[in-house]
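**Student:** Please find one structure pasted underneath; my questions will follow.
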Amino acid sequence: MWCEQCKKRQATVHVTKVVNNHKTESHLCAVCAQEGGIDPGKELGFLFEPNFSFHNLLTGLLENEYGIQNEKLSPDPETAKKCPTCGLTFSDFRKIGLLGCANCYQLFGDLLNPLLRRVHGNITHTGKVPKRTGGKVRIKKEIQDLRRTLQDAIRREAYEEAAKIRDEIKAKEEKLTD
């Protein structure tokens with residue numbers, strides 16, 4: 001979509017205003033928006049940061065909600081370890097946002113787990129199973145999912161539902177042994 005004002009540049013600022021139930025929209029490029037006194041960052045209540053940095057994102061994820069660094073990340077022997085293969089330290093990783101080699105994953109594993117859990121929701125990769133193949137793998141994954149559902153049902157004290165899930169797990173486990 002082109003800028004409605006200059007019609008030369010791509011519209012990157014989209015402003016919608018509703019006044020007395022009357023909606024107006026304007027689509028402007030950053031230059032025309034700034035000339036018109038519209039600063040997207042200030043309008044939204046934060047400063048616009050055009051230079052996004054991945055390592056700043058990682059650093060932010062490594063800090064807790066209060067902006068105070070995690071005790072594990074403060075200078076101590078654990079974070080001062082150097083990778084014997086590439087020479088990277090954990091504080092170097094925090095600065096650049098990249099690990100140096102495959103050995104770094106093992107060396108800094110305990111420090112990376114909270115980050116991975118926060119970003120991905122888990123520290124293990126389950127992946128996908130092809131529909132045409134991998135029947136036993138798919139059944140094992142279904143059993144894992146059913147076990148989680150069973151634990152949830154037990155926690156909620158839904159014992160009839162839990163019994164049905166238990167029976168379903170047993171049937172699937174029998175399929176695996178066949």
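Going through the structure tokens in order, the chains are called A, B, and so on, while each chain numbers its residues from 1 and the ligands are numbered from 1 in the order shown.
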Set the distance at 10 Å and use only C-alpha atoms: which residues neighbour A:Ala102 once local chain neighbours fewer than 5 positions away are removed? I'd like the list as number ranges by chain.
**Tutor:** A: 83, 85-86, 107
**Student:** Using DSSP on the backbone, list every residue of stretch 78-171 of chain A that comes out as helix (DSSP H, G or I), and give them as a PyMOL selection string.
**Tutor:** chain A and resi 90-96+102-107+109-120+135-155+159-171
**Student:** Can you tell me how far atom CA of A:Trp2 sits from atom CA of A:Val31, in Å to one decimal?
**Tutor:**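 It comes out at 12.5 Å.
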**Student:** Measuring atom to atom with only C-alpha atoms, identify which of A:Leu88, A:Val13, A:Ile165, A:Ile139 is nearest to A:Asn103.
**Tutor:**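 Checking each candidate against A:Asn103, we get A:Leu88 as the closest.
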**Student:** Tell me, in Å to one decimal, how far atom CA of A:Arg148 is from atom CA of A:Glu173.
**Tutor:**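 Between atom CA of A:Arg148 and atom CA of A:Glu173 the gap works out to 15.2 Å.
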**Student:** Rank A:Ala11, A:Asp167, A:Arg94, A:Gly37 by their smallest atom-to-atom distance to A:Arg147, using only C-alpha atoms, and report the top residue only.
**Tutor:**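 Checking each of A:Ala11, A:Asp167, A:Arg94, A:Gly37 against A:Arg147, counting only C-alpha atoms, the winner is A:Asp167.
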**Student:** Can you work out which one of A:Val15, A:Leu99, A:Gln34, A:Leu176 has the shortest atom-to-atom distance to A:Ile143, counting only C-alpha atoms?
**Tutor:** A:Leu176
**Student:** How many Å lie between atom CA of A:Glu142 and atom CA of A:Pro130, rounded to one decimal?
**Tutor:**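 Here the two named atoms are 13.9 Å from each other.
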**Student:** Any idea what's packed within 12 Å of A:Thr149, counting only C-alpha atoms, ignoring anything in its chain fewer than 2 positions away? Could you give it as JSON, numbers by chain?
**Tutor:** {"A": [142, 143, 144, 145, 146, 147, 151, 152, 153, 154, 155, 156, 158, 159, 161, 162, 163, 164, 165, 166, 168, 169]}
**Student:** Neighbouring residues of stretch 22-28 of chain A were defined as those with any atom within 8 Å, considering only C-alpha atoms; residues of the same chain fewer than 4 positions away were excluded. Please report them as a VMD selection string.
**Tutor:** chain A and resid 1 to 5 10 to 18 32 to 33
